[in-house]
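The data block below is my_file39.tsv; it holds TSV, C-alpha atoms and all ligand atoms.
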chain	number	residue	atom	x	y	z
X	246	MET	CA	94.81	-35.69	4.71
X	247	LYS	CA	93.13	-38.27	6.89
X	248	HIS	CA	91.10	-37.20	9.92
X	249	PRO	CA	92.89	-38.15	13.18
X	250	LEU	CA	90.02	-40.45	14.09
X	251	TYR	CA	90.08	-42.21	10.72
X	252	LEU	CA	90.31	-45.99	11.12
X	253	PRO	CA	92.04	-47.52	8.08
X	254	ARG	CA	89.87	-50.64	8.30
X	255	MET	CA	87.73	-52.32	10.86
X	256	PRO	CA	89.70	-54.59	13.12
X	257	ASN	CA	88.80	-58.23	12.70
X	258	LEU	CA	85.74	-58.76	14.90
X	259	PRO	CA	85.20	-62.51	15.13
X	260	ARG	CA	82.61	-62.46	17.93
X	261	MET	CA	79.55	-62.95	15.71
X	262	SER	CA	81.30	-64.99	13.02
X	263	ALA	CA	80.05	-68.19	14.68
X	264	LEU	CA	76.49	-67.14	13.86
X	265	PRO	CA	75.28	-68.66	10.57
X	266	PRO	CA	72.74	-66.84	8.38
X	267	GLY	CA	69.17	-67.11	9.71
X	268	PRO	CA	67.02	-70.16	8.86
X	269	PHE	CA	64.87	-68.32	6.30
X	270	ALA	CA	67.87	-66.86	4.49
X	271	ARG	CA	69.25	-70.41	4.27
X	272	LEU	CA	65.91	-71.69	2.98
X	273	ALA	CA	65.87	-68.97	0.30
X	274	THR	CA	69.37	-70.09	-0.76
X	275	LEU	CA	68.35	-73.76	-0.81
X	276	LEU	CA	65.30	-73.15	-3.00
X	277	GLY	CA	67.10	-70.53	-5.13
X	278	ASP	CA	65.54	-70.34	-8.58
X	279	VAL	CA	63.72	-73.68	-8.29
X	280	LYS	CA	60.17	-73.23	-9.57
X	281	PRO	CA	57.33	-74.47	-7.32
X	282	GLY	CA	55.57	-77.48	-8.85
X	283	LYS	CA	52.12	-76.24	-7.80
X	284	GLU	CA	50.43	-73.09	-6.54
X	285	PRO	CA	52.83	-72.14	-3.70
X	286	ILE	CA	51.84	-72.50	-0.03
X	287	SER	CA	54.26	-71.63	2.75
X	288	LEU	CA	54.26	-73.63	5.96
X	289	ALA	CA	57.78	-72.42	6.72
X	290	ILE	CA	57.45	-69.27	8.82
X	291	GLY	CA	55.66	-69.40	12.18
X	292	ASP	CA	53.64	-66.24	11.50
X	293	PRO	CA	50.41	-66.63	13.53
X	294	ARG	CA	48.35	-64.36	11.19
X	295	GLY	CA	45.55	-63.72	13.68
X	296	ALA	CA	42.70	-61.35	12.91
X	297	VAL	CA	43.20	-58.21	15.00
X	298	PRO	CA	40.41	-58.33	17.63
X	299	ASP	CA	38.02	-55.35	17.52
X	300	PHE	CA	38.82	-54.41	21.12
X	301	VAL	CA	42.51	-54.01	20.18
X	302	GLN	CA	41.67	-51.70	17.29
X	303	GLU	CA	39.37	-49.65	19.52
X	304	VAL	CA	41.98	-49.22	22.26
X	305	LEU	CA	44.64	-48.23	19.70
X	306	ALA	CA	42.35	-45.57	18.23
X	307	LYS	CA	41.38	-44.21	21.65
X	308	THR	CA	44.96	-43.90	22.91
X	309	ALA	CA	46.68	-42.59	19.75
X	310	ALA	CA	47.29	-39.20	21.41
X	311	SER	CA	49.92	-40.79	23.64
X	312	PHE	CA	52.19	-41.12	20.58
X	313	GLY	CA	52.94	-37.51	21.52
X	314	HIS	CA	55.00	-38.59	24.56
X	315	TYR	CA	58.03	-40.72	25.27
X	316	PRO	CA	56.79	-43.84	27.08
X	317	ALA	CA	58.48	-45.15	30.27
X	318	ILE	CA	60.66	-48.26	30.12
X	319	SER	CA	58.43	-50.02	32.71
X	320	GLY	CA	55.25	-49.22	30.77
X	321	THR	CA	52.15	-47.70	32.31
X	322	GLN	CA	50.64	-48.58	35.67
X	323	ASP	CA	47.65	-49.97	33.74
X	324	TRP	CA	49.91	-52.29	31.68
X	325	ARG	CA	51.83	-53.45	34.76
X	326	GLN	CA	48.62	-54.26	36.64
X	327	ALA	CA	47.09	-56.12	33.68
X	328	ALA	CA	50.25	-58.13	33.04
X	329	ALA	CA	50.80	-58.93	36.74
X	330	ASP	CA	47.15	-59.98	37.14
X	331	TRP	CA	47.50	-62.30	34.14
X	332	LEU	CA	50.70	-63.87	35.49
X	333	ASN	CA	49.23	-64.33	38.98
X	334	ARG	CA	46.01	-65.79	37.59
X	335	ARG	CA	47.40	-67.90	34.77
X	336	PHE	CA	50.23	-69.45	36.79
X	337	ARG	CA	48.38	-69.60	40.15
X	338	LEU	CA	50.99	-67.49	41.95
X	339	ASN	CA	48.81	-66.15	44.80
X	340	GLY	CA	49.81	-62.58	44.04
X	341	ALA	CA	53.56	-63.31	44.23
X	342	ILE	CA	54.15	-61.18	41.11
X	343	ASP	CA	54.34	-57.56	42.23
X	344	PRO	CA	53.55	-55.27	39.27
X	345	GLU	CA	56.22	-52.79	40.38
X	346	LYS	CA	59.01	-55.31	40.99
X	347	ASN	CA	58.70	-58.52	39.04
X	348	LEU	CA	58.03	-57.63	35.39
X	349	LEU	CA	58.84	-55.45	32.38
X	350	PRO	CA	57.26	-54.94	28.96
X	351	LEU	CA	59.23	-56.11	25.91
X	352	ASN	CA	58.88	-54.97	22.31
X	353	GLY	CA	58.30	-58.55	21.30
X	354	THR	CA	59.92	-61.31	23.29
X	355	ARG	CA	62.82	-61.63	20.87
X	356	GLU	CA	64.48	-58.35	21.79
X	357	GLY	CA	64.22	-59.27	25.48
X	358	LEU	CA	65.63	-62.75	24.97
X	359	PHE	CA	68.52	-61.13	23.13
X	360	SER	CA	69.31	-58.15	25.34
X	361	VAL	CA	68.81	-59.82	28.73
X	362	LEU	CA	72.30	-61.27	28.77
X	363	PHE	CA	74.09	-57.93	28.38
X	364	PRO	CA	73.46	-56.57	31.89
X	365	LEU	CA	73.66	-59.99	33.54
X	366	MET	CA	76.73	-61.62	31.99
X	367	PRO	CA	79.80	-61.89	34.25
X	368	GLU	CA	83.24	-61.21	32.73
X	369	SER	CA	84.27	-64.72	33.70
X	370	LYS	CA	82.92	-67.68	35.63
X	371	ALA	CA	85.06	-70.27	37.44
X	372	GLY	CA	88.08	-68.41	36.05
X	373	ALA	CA	87.07	-68.87	32.39
X	374	ARG	CA	84.81	-67.51	29.66
X	375	PRO	CA	81.19	-67.92	30.80
X	376	ILE	CA	79.01	-70.45	29.01
X	377	VAL	CA	75.39	-69.99	27.93
X	378	ALA	CA	73.69	-73.32	27.26
X	379	MET	CA	70.64	-73.81	25.06
X	380	PRO	CA	68.73	-76.70	23.49
X	381	ASN	CA	69.78	-77.92	20.06
X	382	PRO	CA	67.75	-77.25	17.85
X	383	PHE	CA	66.63	-73.85	19.16
X	384	TYR	CA	65.24	-70.39	18.42
X	385	GLN	CA	68.26	-68.75	16.82
X	386	CYS	CA	68.16	-65.57	18.89
X	387	TYR	CA	69.66	-67.42	21.90
X	388	ALA	CA	72.95	-68.02	20.11
X	389	ALA	CA	73.13	-64.40	18.95
X	390	ALA	CA	72.62	-63.29	22.56
X	391	ALA	CA	75.29	-65.64	23.92
X	392	LEU	CA	77.86	-64.59	21.32
X	393	GLY	CA	76.98	-60.90	21.50
X	394	SER	CA	77.42	-60.81	25.27
X	395	GLY	CA	80.85	-62.44	25.06
X	396	ALA	CA	79.83	-65.86	26.36
X	397	GLU	CA	80.49	-69.22	24.74
X	398	PRO	CA	77.27	-70.79	23.40
X	399	LEU	CA	76.83	-74.46	24.23
X	400	TYR	CA	74.32	-76.45	22.20
X	401	VAL	CA	72.81	-79.26	24.28
X	402	PRO	CA	71.06	-81.90	22.13
X	403	ALA	CA	67.28	-82.18	22.44
X	404	LEU	CA	66.75	-85.62	20.95
X	405	LYS	CA	63.77	-87.90	20.50
X	406	GLU	CA	65.17	-90.30	23.13
X	407	ASN	CA	65.07	-87.61	25.83
X	408	GLY	CA	61.63	-86.31	24.85
X	409	PHE	CA	63.22	-83.51	22.77
X	410	LEU	CA	64.36	-81.78	25.98
X	411	PRO	CA	68.00	-80.92	26.75
X	412	ASP	CA	69.61	-82.75	29.67
X	413	PHE	CA	71.64	-79.95	31.27
X	414	ALA	CA	72.43	-82.08	34.35
X	415	SER	CA	74.48	-84.44	32.18
X	416	LEU	CA	77.04	-81.73	31.36
X	417	PRO	CA	80.53	-82.28	32.80
X	418	PRO	CA	81.13	-80.61	36.20
X	419	ALA	CA	83.73	-78.20	34.76
X	420	THR	CA	81.15	-77.02	32.20
X	421	LEU	CA	78.44	-76.63	34.82
X	422	GLU	CA	80.77	-74.43	36.88
X	423	ARG	CA	81.21	-72.10	33.90
X	424	LEU	CA	77.48	-71.89	33.13
X	425	ALA	CA	76.18	-68.33	33.47
X	426	ALA	CA	72.74	-68.99	31.98
X	427	VAL	CA	70.59	-71.54	30.20
X	428	TYR	CA	67.82	-70.89	27.74
X	429	ILE	CA	64.98	-73.39	27.86
X	430	CYS	CA	61.94	-73.24	25.59
X	431	SER	CA	58.61	-74.83	26.61
X	432	PRO	CA	56.43	-75.56	24.69
X	433	SER	CA	59.48	-75.80	22.49
X	434	ASN	CA	60.04	-74.41	19.04
X	435	PRO	CA	60.50	-76.50	16.90
X	436	GLU	CA	59.41	-79.80	18.51
X	437	GLY	CA	56.43	-78.79	20.68
X	438	ALA	CA	57.96	-80.59	23.69
X	439	VAL	CA	56.91	-79.49	27.18
X	440	THR	CA	58.90	-79.43	30.42
X	441	ASP	CA	56.91	-80.80	33.36
X	442	ASN	CA	57.19	-79.80	37.03
X	443	GLY	CA	59.81	-82.49	37.64
X	444	TYR	CA	62.02	-81.12	34.87
X	445	TRP	CA	61.67	-77.57	36.18
X	446	LYS	CA	62.50	-78.65	39.73
X	447	ASP	CA	65.66	-80.49	38.64
X	448	LEU	CA	66.73	-77.53	36.51
X	449	PHE	CA	66.26	-75.04	39.38
X	450	GLN	CA	68.20	-77.29	41.76
X	451	LEU	CA	71.01	-77.45	39.23
X	452	ALA	CA	70.88	-73.65	38.82
X	453	ASP	CA	71.07	-73.14	42.59
X	454	ARG	CA	73.97	-75.58	42.89
X	455	HIS	CA	75.98	-74.02	40.06
X	456	ASP	CA	74.72	-70.45	40.29
X	457	PHE	CA	73.35	-69.84	36.81
X	458	LEU	CA	70.28	-68.05	35.42
X	459	VAL	CA	67.29	-69.86	33.95
X	460	LEU	CA	65.84	-67.98	30.97
X	461	ALA	CA	62.52	-69.67	30.29
X	462	ASP	CA	61.13	-68.90	26.83
X	463	GLU	CA	57.44	-69.72	27.33
X	464	CYS	CA	56.04	-67.83	24.35
X	465	TYR	CA	53.79	-70.75	23.43
X	466	ALA	CA	52.43	-71.33	26.97
X	467	ASP	CA	48.84	-70.59	25.89
X	468	ILE	CA	48.89	-72.84	22.81
X	469	TRP	CA	48.50	-76.45	23.98
X	470	PHE	CA	46.55	-79.50	22.89
X	471	ASP	CA	45.57	-81.82	25.77
X	472	SER	CA	46.45	-79.97	28.95
X	473	GLU	CA	48.04	-76.69	30.04
X	474	PRO	CA	51.83	-77.00	30.25
X	475	ASP	CA	53.56	-76.79	33.65
X	476	CYS	CA	55.27	-73.41	33.72
X	477	ALA	CA	58.47	-72.05	35.21
X	478	LEU	CA	57.08	-69.38	37.57
X	479	THR	CA	54.67	-71.84	39.21
X	480	ALA	CA	57.36	-74.49	39.59
X	481	ARG	CA	59.96	-72.09	41.00
X	482	LEU	CA	57.54	-70.54	43.48
X	483	ALA	CA	56.43	-73.99	44.70
X	484	GLN	CA	60.02	-75.13	45.06
X	485	SER	CA	61.68	-72.09	46.65
X	486	GLY	CA	58.94	-69.65	47.69
X	487	GLY	CA	60.25	-67.04	45.23
X	488	PHE	CA	61.65	-66.54	41.73
X	489	SER	CA	65.41	-66.25	42.30
X	490	ARG	CA	67.59	-66.91	39.25
X	491	LEU	CA	64.50	-67.18	37.02
X	492	LEU	CA	63.24	-64.95	34.22
X	493	SER	CA	60.24	-66.17	32.21
X	494	PHE	CA	59.35	-64.68	28.79
X	495	HIS	CA	55.84	-64.44	27.32
X	496	SER	CA	54.47	-63.09	24.06
X	497	LEU	CA	51.26	-61.69	22.63
X	498	SER	CA	52.52	-62.78	19.21
X	499	LYS	CA	51.46	-66.31	20.10
X	500	ARG	CA	48.92	-65.89	22.94
X	501	SER	CA	46.85	-63.34	20.99
X	502	GLY	CA	48.06	-64.14	17.46
X	503	LEU	CA	49.37	-60.57	17.11
X	504	PRO	CA	53.03	-60.78	16.00
X	505	GLY	CA	52.85	-57.32	14.44
X	506	LEU	CA	52.00	-55.71	17.79
X	507	ARG	CA	55.55	-56.52	18.96
X	508	SER	CA	54.52	-57.05	22.54
X	509	GLY	CA	55.75	-59.44	25.19
X	510	LEU	CA	56.92	-59.42	28.77
X	511	VAL	CA	59.58	-60.74	31.08
X	512	ALA	CA	58.75	-61.72	34.67
X	513	GLY	CA	60.54	-63.25	37.62
X	514	ASP	CA	63.39	-62.48	40.03
X	515	ALA	CA	63.04	-58.87	41.26
X	516	ALA	CA	66.82	-58.37	41.55
X	517	LEU	CA	67.36	-59.47	37.94
X	518	ILE	CA	64.43	-57.36	36.74
X	519	ASP	CA	66.00	-54.38	38.53
X	520	LYS	CA	69.29	-54.82	36.68
X	521	PHE	CA	67.52	-55.39	33.37
X	522	ARG	CA	65.35	-52.29	33.92
X	523	ALA	CA	68.41	-50.15	34.67
X	524	PHE	CA	70.12	-51.40	31.49
X	525	ARG	CA	66.97	-50.89	29.41
X	526	ASN	CA	66.64	-47.35	30.78
X	527	VAL	CA	69.91	-46.58	29.03
X	528	ALA	CA	69.81	-48.86	26.00
X	529	GLY	CA	66.44	-50.57	25.66
X	530	PRO	CA	63.44	-49.89	23.44
X	531	THR	CA	60.29	-48.55	25.13
X	532	MET	CA	56.81	-49.66	24.15
X	533	PRO	CA	54.62	-46.89	22.68
X	534	GLY	CA	51.60	-45.82	24.78
X	535	PRO	CA	48.86	-47.12	22.45
X	536	LEU	CA	50.63	-50.49	22.23
X	537	LEU	CA	50.85	-50.66	26.02
X	538	ALA	CA	47.12	-49.95	26.25
X	539	ALA	CA	46.27	-52.55	23.58
X	540	SER	CA	48.59	-55.08	25.25
X	541	ALA	CA	46.99	-54.49	28.66
X	542	ALA	CA	43.60	-55.26	27.06
X	543	CYS	CA	45.03	-58.49	25.57
X	544	TRP	CA	46.54	-59.67	28.88
X	545	ARG	CA	43.14	-59.05	30.52
X	546	ASP	CA	41.06	-60.97	27.99
X	547	GLU	CA	40.92	-64.77	27.75
X	548	THR	CA	38.06	-65.06	25.23
X	549	HIS	CA	40.18	-64.34	22.18
X	550	VAL	CA	42.96	-66.61	23.52
X	551	THR	CA	40.59	-69.55	23.95
X	552	ALA	CA	39.18	-68.97	20.44
X	553	ASN	CA	42.75	-68.81	19.09
X	554	ARG	CA	43.70	-72.06	20.84
X	555	ILE	CA	40.65	-73.82	19.41
X	556	THR	CA	41.74	-72.93	15.87
X	557	TYR	CA	45.14	-74.55	16.53
X	558	GLN	CA	43.45	-77.61	18.01
X	559	GLU	CA	41.30	-77.90	14.86
X	560	ARG	CA	44.36	-77.58	12.64
X	561	MET	CA	46.23	-80.22	14.62
X	562	LYS	CA	43.26	-82.60	14.38
X	563	ALA	CA	43.16	-82.08	10.59
X	564	ALA	CA	46.91	-82.76	10.41
X	565	GLU	CA	46.45	-86.01	12.33
X	566	GLU	CA	43.65	-87.08	10.00
X	567	ILE	CA	45.83	-86.44	6.96
X	568	LEU	CA	49.25	-87.60	8.17
X	569	GLY	CA	48.20	-90.36	10.57
X	570	ASN	CA	51.17	-92.12	12.12
X	571	ARG	CA	53.63	-90.16	9.98
X	572	MET	CA	53.40	-87.40	12.58
X	573	GLN	CA	53.54	-87.18	16.36
X	574	ARG	CA	51.18	-84.74	18.01
X	575	PRO	CA	53.18	-82.01	19.80
X	576	LYS	CA	52.17	-81.07	23.36
X	577	GLY	CA	52.07	-77.35	22.57
X	578	GLY	CA	53.00	-74.64	20.06
X	579	PHE	CA	51.92	-74.73	16.43
X	580	PHE	CA	54.61	-76.73	14.66
X	581	LEU	CA	54.86	-80.29	13.41
X	582	TRP	CA	58.34	-81.76	13.66
X	583	LEU	CA	58.28	-84.39	10.90
X	584	ASP	CA	60.95	-87.04	10.60
X	585	VAL	CA	61.63	-87.30	6.86
X	586	ASN	CA	65.18	-88.80	6.90
X	587	ASN	CA	66.82	-85.76	5.31
X	588	GLY	CA	65.12	-82.42	5.97
X	589	GLU	CA	66.96	-80.40	3.32
X	590	GLU	CA	66.30	-82.94	0.57
X	591	PHE	CA	62.66	-83.20	1.60
X	592	ALA	CA	62.15	-79.40	1.73
X	593	LEU	CA	63.60	-79.07	-1.77
X	594	LYS	CA	61.39	-81.85	-3.10
X	595	ALA	CA	58.26	-80.47	-1.35
X	596	TRP	CA	58.84	-77.15	-3.09
X	597	ARG	CA	59.81	-78.52	-6.50
X	598	ASP	CA	57.11	-81.22	-6.73
X	599	GLN	CA	54.29	-79.84	-4.58
X	600	GLY	CA	54.88	-76.08	-4.18
X	601	VAL	CA	54.95	-76.41	-0.37
X	602	ARG	CA	57.57	-74.43	1.52
X	603	LEU	CA	58.88	-76.19	4.65
X	604	LEU	CA	61.82	-75.41	6.91
X	605	PRO	CA	64.66	-77.98	7.10
X	606	GLY	CA	65.14	-78.83	10.78
X	607	ALA	CA	68.91	-78.56	10.47
X	608	TYR	CA	68.59	-74.79	9.98
X	609	MET	CA	67.44	-74.52	13.59
X	610	GLY	CA	70.23	-76.70	14.95
X	611	ARG	CA	74.00	-77.11	15.09
X	612	GLU	CA	76.17	-80.09	14.24
X	613	ILE	CA	77.25	-81.93	17.39
X	614	GLU	CA	80.37	-83.15	15.57
X	615	PRO	CA	81.66	-80.27	13.42
X	616	GLY	CA	81.70	-81.14	9.72
X	617	LYS	CA	79.23	-84.04	10.14
X	618	THR	CA	75.93	-82.73	8.83
X	619	GLN	CA	74.06	-85.80	10.08
X	620	SER	CA	75.09	-85.05	13.65
X	621	ASN	CA	72.83	-81.99	13.61
X	622	PRO	CA	69.81	-83.09	15.74
X	623	GLY	CA	67.51	-81.38	13.22
X	624	PHE	CA	69.07	-83.15	10.21
X	625	SER	CA	66.30	-85.64	9.50
X	626	TYR	CA	63.40	-83.30	10.25
X	627	VAL	CA	61.32	-80.58	8.64
X	628	ARG	CA	59.40	-78.02	10.66
X	629	VAL	CA	55.83	-77.45	9.50
X	630	ALA	CA	54.03	-74.32	10.77
X	631	LEU	CA	50.25	-74.69	11.10
X	632	VAL	CA	49.49	-70.99	10.84
X	633	ASN	CA	47.42	-70.73	7.64
X	634	ASP	CA	43.64	-71.13	7.49
X	635	LEU	CA	42.33	-74.66	7.85
X	636	SER	CA	41.59	-75.34	4.19
X	637	THR	CA	45.04	-74.12	3.04
X	638	ILE	CA	46.69	-76.30	5.68
X	639	LYS	CA	44.68	-79.32	4.55
X	640	THR	CA	45.64	-78.77	0.91
X	641	ALA	CA	49.32	-78.36	1.81
X	642	LEU	CA	49.43	-81.40	4.09
X	643	GLU	CA	47.70	-83.58	1.50
X	644	ARG	CA	50.45	-82.57	-0.90
X	645	VAL	CA	53.12	-83.32	1.73
X	646	ARG	CA	51.59	-86.75	2.33
X	647	GLU	CA	52.26	-87.62	-1.33
X	648	LEU	CA	55.97	-87.42	-0.56
X	649	LEU	CA	56.06	-89.42	2.67
P	1	LIG	C1	60.64	-69.87	20.63
P	1	LIG	C2	60.38	-68.46	20.30
P	1	LIG	N1	60.78	-67.51	21.16
P	1	LIG	C3	60.58	-66.21	20.91
P	1	LIG	C4	59.95	-65.80	19.76
P	1	LIG	C5	59.78	-64.32	19.51
P	1	LIG	O1	58.48	-63.92	19.67
P	1	LIG	P1	58.07	-62.38	19.60
P	1	LIG	O2	57.21	-62.23	18.41
P	1	LIG	O3	57.36	-62.12	20.90
P	1	LIG	O4	59.32	-61.56	19.50
P	1	LIG	C6	59.52	-66.75	18.83
P	1	LIG	C7	58.90	-66.31	17.57
P	1	LIG	O5	58.74	-67.00	16.62
P	1	LIG	C8	59.74	-68.11	19.11
P	1	LIG	O6	59.36	-69.06	18.27
Any chance you could give the structure as structure tokens?
Amino acid sequence: MKHPLYLPRMPNLPRMSALPPGPFARLATLLGDVKPGKEPISLAIGDPRGAVPDFVQEVLAKTAASFGHYPAISGTQDWRQAAADWLNRRFRLNGAIDPEKNLLPLNGTREGLFSVLFPLMPESKAGARPIVAMPNPFYQCYAAAALGSGAEPLYVPALKENGFLPDFASLPPATLERLAAVYICSPSNPEGAVTDNGYWKDLFQLADRHDFLVLADECYADIWFDSEPDCALTARLAQSGGFSRLLSFHSLSKRSGLPGLRSGLVAGDAALIDKFRAFRNVAGPTMPGPLLAASAACWRDETHVTANRITYQERMKAAEEILGNRMQRPKGGFFLWLDVNNGEEFALKAWRDQGVRLLPGAYMGREIEPGKTQSNPGFSYVRVALVNDLSTIKTALERVRELL
């Protein structure tokens, strides 16, 4: 006999069916059993592979006893002070970030970028399903968040002709009215484009006019080539005297080259942080004590960040020497966004002939016209991650040059 709570089969749950497999699963399918033509080198995954600084290892060892306690969702007072001091210093905020009100720790920025929509998504907006807009191509987590929270994702092309930045203001008025949130990434993954103060100001004015949230993914803010990028918190404070409607996301995966630490933060509008904190108190992950202590040490130290940035600058210089005018130097981040006519074909060839693993740009984008693969803004590109040591990168790029 069946239990009274037995469900004969799961009802059809289409909410996440619009989410394709992740980019690396698609790359594994594309390359399948194809043998690499040379000793394999992967420039596909953006895994920063930093050496763990000694001071991080020391702090972890010293604080291991705190594994014996549940940590608080807001972290420790020490973490909050270190993170707030970094934000105030780095973005010249004159102390506007209050450690108790304007920030929260995240177990890596990704989980925060995903879960933030759940407590903040209205049931409807302008009488219809809310829309969450994002650049196209984009970090795939944004679409999962939009779909998971019941909103309609809207992919706004980030094309070469608009500096690889989405033009949200060009959306039709009826769409703007339904916007609940936009994700914007600067420096952007994959193109390395940067939003300047003018872009931020226009975006905040649009957000105020149409009452939507700005979710600024600024994970790569500390990895830049010629000058520091203009950042969201600075621009919003200058424009409005506060942070309303803005949440900005930062990551030690990139700043400190420590992706395995799983440590980031979200900062901005105190009312939004309040709601997010309340939701996380029920459903969010907390950051373990030793990781909070190690993270606080990382937010306080700039020496390892400067050293880290110099290694990226050296890698980018080497790439320019090898690829010349076949590449465009990004403004920030650690990816090259190479136009190769057909990214999938090129990635397959790079693997088969040269043993170099690259990510087809299309796997980070969506077709603008369904069924037309070429309408995907990433179609003609490959993304190249400069995360290996310098000599491996040089070898791989010399092999890639053979195919250009
Ligand atoms: C644009 C972007 N946002 C967020 C993340 C997530 O970073 P974290 O390691 O802090 O979760 C990444 C990681 O690759 C990224 O590229």
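Reported to one decimal place, the separation of atom O1 of ligand LIG 1 (chain P) from CA of Ser625 (chain X) is 25.2 Å.
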Any chance you could work out the axis-aligned box around ligand LIG 1 (chain P), listed atoms only, 4 Å on each side, giving centre and edge lengths in Å to one decimal, as lines of an AutoDock Vina configuration file?
center_x = 59.0
center_y = -65.7
center_z = 18.9
size_x = 11.6
size_y = 16.3
size_z = 12.5
Exercise for review: List all protein, DNA and RNA residues that have an atom no more than 10 Å from any atom of ligand LIG 1 (chain P), counting only C-alpha atoms and all ligand atoms, and report them as an MDAnalysis selection string.
Suggested key: chainID X and resid 290:293 351:359 383:387 429:435 437 461:465 494:500 502:510 578:580
**Study point:** Long-range neighbours of Gln558 (chain X) as a PyMOL selection string, 12 Å cut-off, all atoms listed in the file, 2 positions minimum in chain
**Key:** chain X and resi 467-472+551-556+560-565+574-580+631-632+635
Exercise for review: Name the residues in contact with Ala419 (chain X) at a cut-off of 12 Å, using all atoms listed in the file, excluding same-chain residues fewer than 4 positions from it; report them as a VMD selection string.
Suggested key: chain X and resid 370 to 376 414 to 415 423 to 424 455
Hey, could you patch up region 444-449 of chain X with all heavy atoms and hand it over as a compact mmCIF listing (two decimals), keeping the file's coordinate frame?
# COMPACT_ATOMS: atom_id res chain seq x y z
N TYR X 444 60.89 -81.67 35.64
CA TYR X 444 62.02 -81.12 34.87
C TYR X 444 62.41 -79.75 35.41
O TYR X 444 63.58 -79.46 35.62
CB TYR X 444 61.62 -81.03 33.39
CG TYR X 444 62.76 -80.56 32.49
CD1 TYR X 444 63.49 -81.48 31.74
CD2 TYR X 444 63.09 -79.21 32.38
CE1 TYR X 444 64.53 -81.07 30.92
CE2 TYR X 444 64.13 -78.79 31.55
CZ TYR X 444 64.84 -79.72 30.83
OH TYR X 444 65.88 -79.31 30.01
N TRP X 445 61.38 -78.92 35.67
CA TRP X 445 61.67 -77.57 36.18
C TRP X 445 62.41 -77.66 37.52
O TRP X 445 63.39 -76.96 37.75
CB TRP X 445 60.37 -76.77 36.36
CG TRP X 445 59.73 -76.25 35.11
CD1 TRP X 445 58.48 -76.55 34.66
CD2 TRP X 445 60.30 -75.34 34.14
NE1 TRP X 445 58.24 -75.88 33.47
CE2 TRP X 445 59.33 -75.14 33.14
CE3 TRP X 445 61.54 -74.71 34.03
CZ2 TRP X 445 59.55 -74.32 32.04
CZ3 TRP X 445 61.76 -73.88 32.92
CH2 TRP X 445 60.77 -73.69 31.95
N LYS X 446 61.92 -78.54 38.40
CA LYS X 446 62.50 -78.65 39.73
C LYS X 446 63.98 -79.05 39.63
O LYS X 446 64.85 -78.44 40.27
CB LYS X 446 61.70 -79.70 40.52
CG LYS X 446 61.95 -79.64 41.99
CD LYS X 446 60.95 -80.54 42.72
CE LYS X 446 61.53 -80.86 44.09
NZ LYS X 446 61.14 -82.14 44.60
N ASP X 447 64.26 -80.05 38.80
CA ASP X 447 65.66 -80.49 38.64
C ASP X 447 66.51 -79.35 38.08
O ASP X 447 67.64 -79.15 38.51
CB ASP X 447 65.73 -81.68 37.67
CG ASP X 447 65.10 -82.93 38.27
OD1 ASP X 447 64.84 -82.93 39.49
OD2 ASP X 447 64.86 -83.89 37.50
N LEU X 448 65.95 -78.62 37.13
CA LEU X 448 66.73 -77.53 36.51
C LEU X 448 67.02 -76.43 37.54
O LEU X 448 68.13 -75.91 37.61
CB LEU X 448 65.96 -76.97 35.30
CG LEU X 448 66.64 -75.84 34.54
CD1 LEU X 448 68.03 -76.26 34.02
CD2 LEU X 448 65.79 -75.38 33.35
N PHE X 449 66.02 -76.09 38.36
CA PHE X 449 66.26 -75.04 39.38
C PHE X 449 67.27 -75.51 40.42
O PHE X 449 68.10 -74.73 40.89
CB PHE X 449 64.93 -74.64 40.04
CG PHE X 449 63.98 -73.97 39.09
CD1 PHE X 449 62.64 -74.31 39.06
CD2 PHE X 449 64.42 -72.97 38.22
CE1 PHE X 449 61.77 -73.70 38.17
CE2 PHE X 449 63.55 -72.35 37.33
CZ PHE X 449 62.23 -72.72 37.30
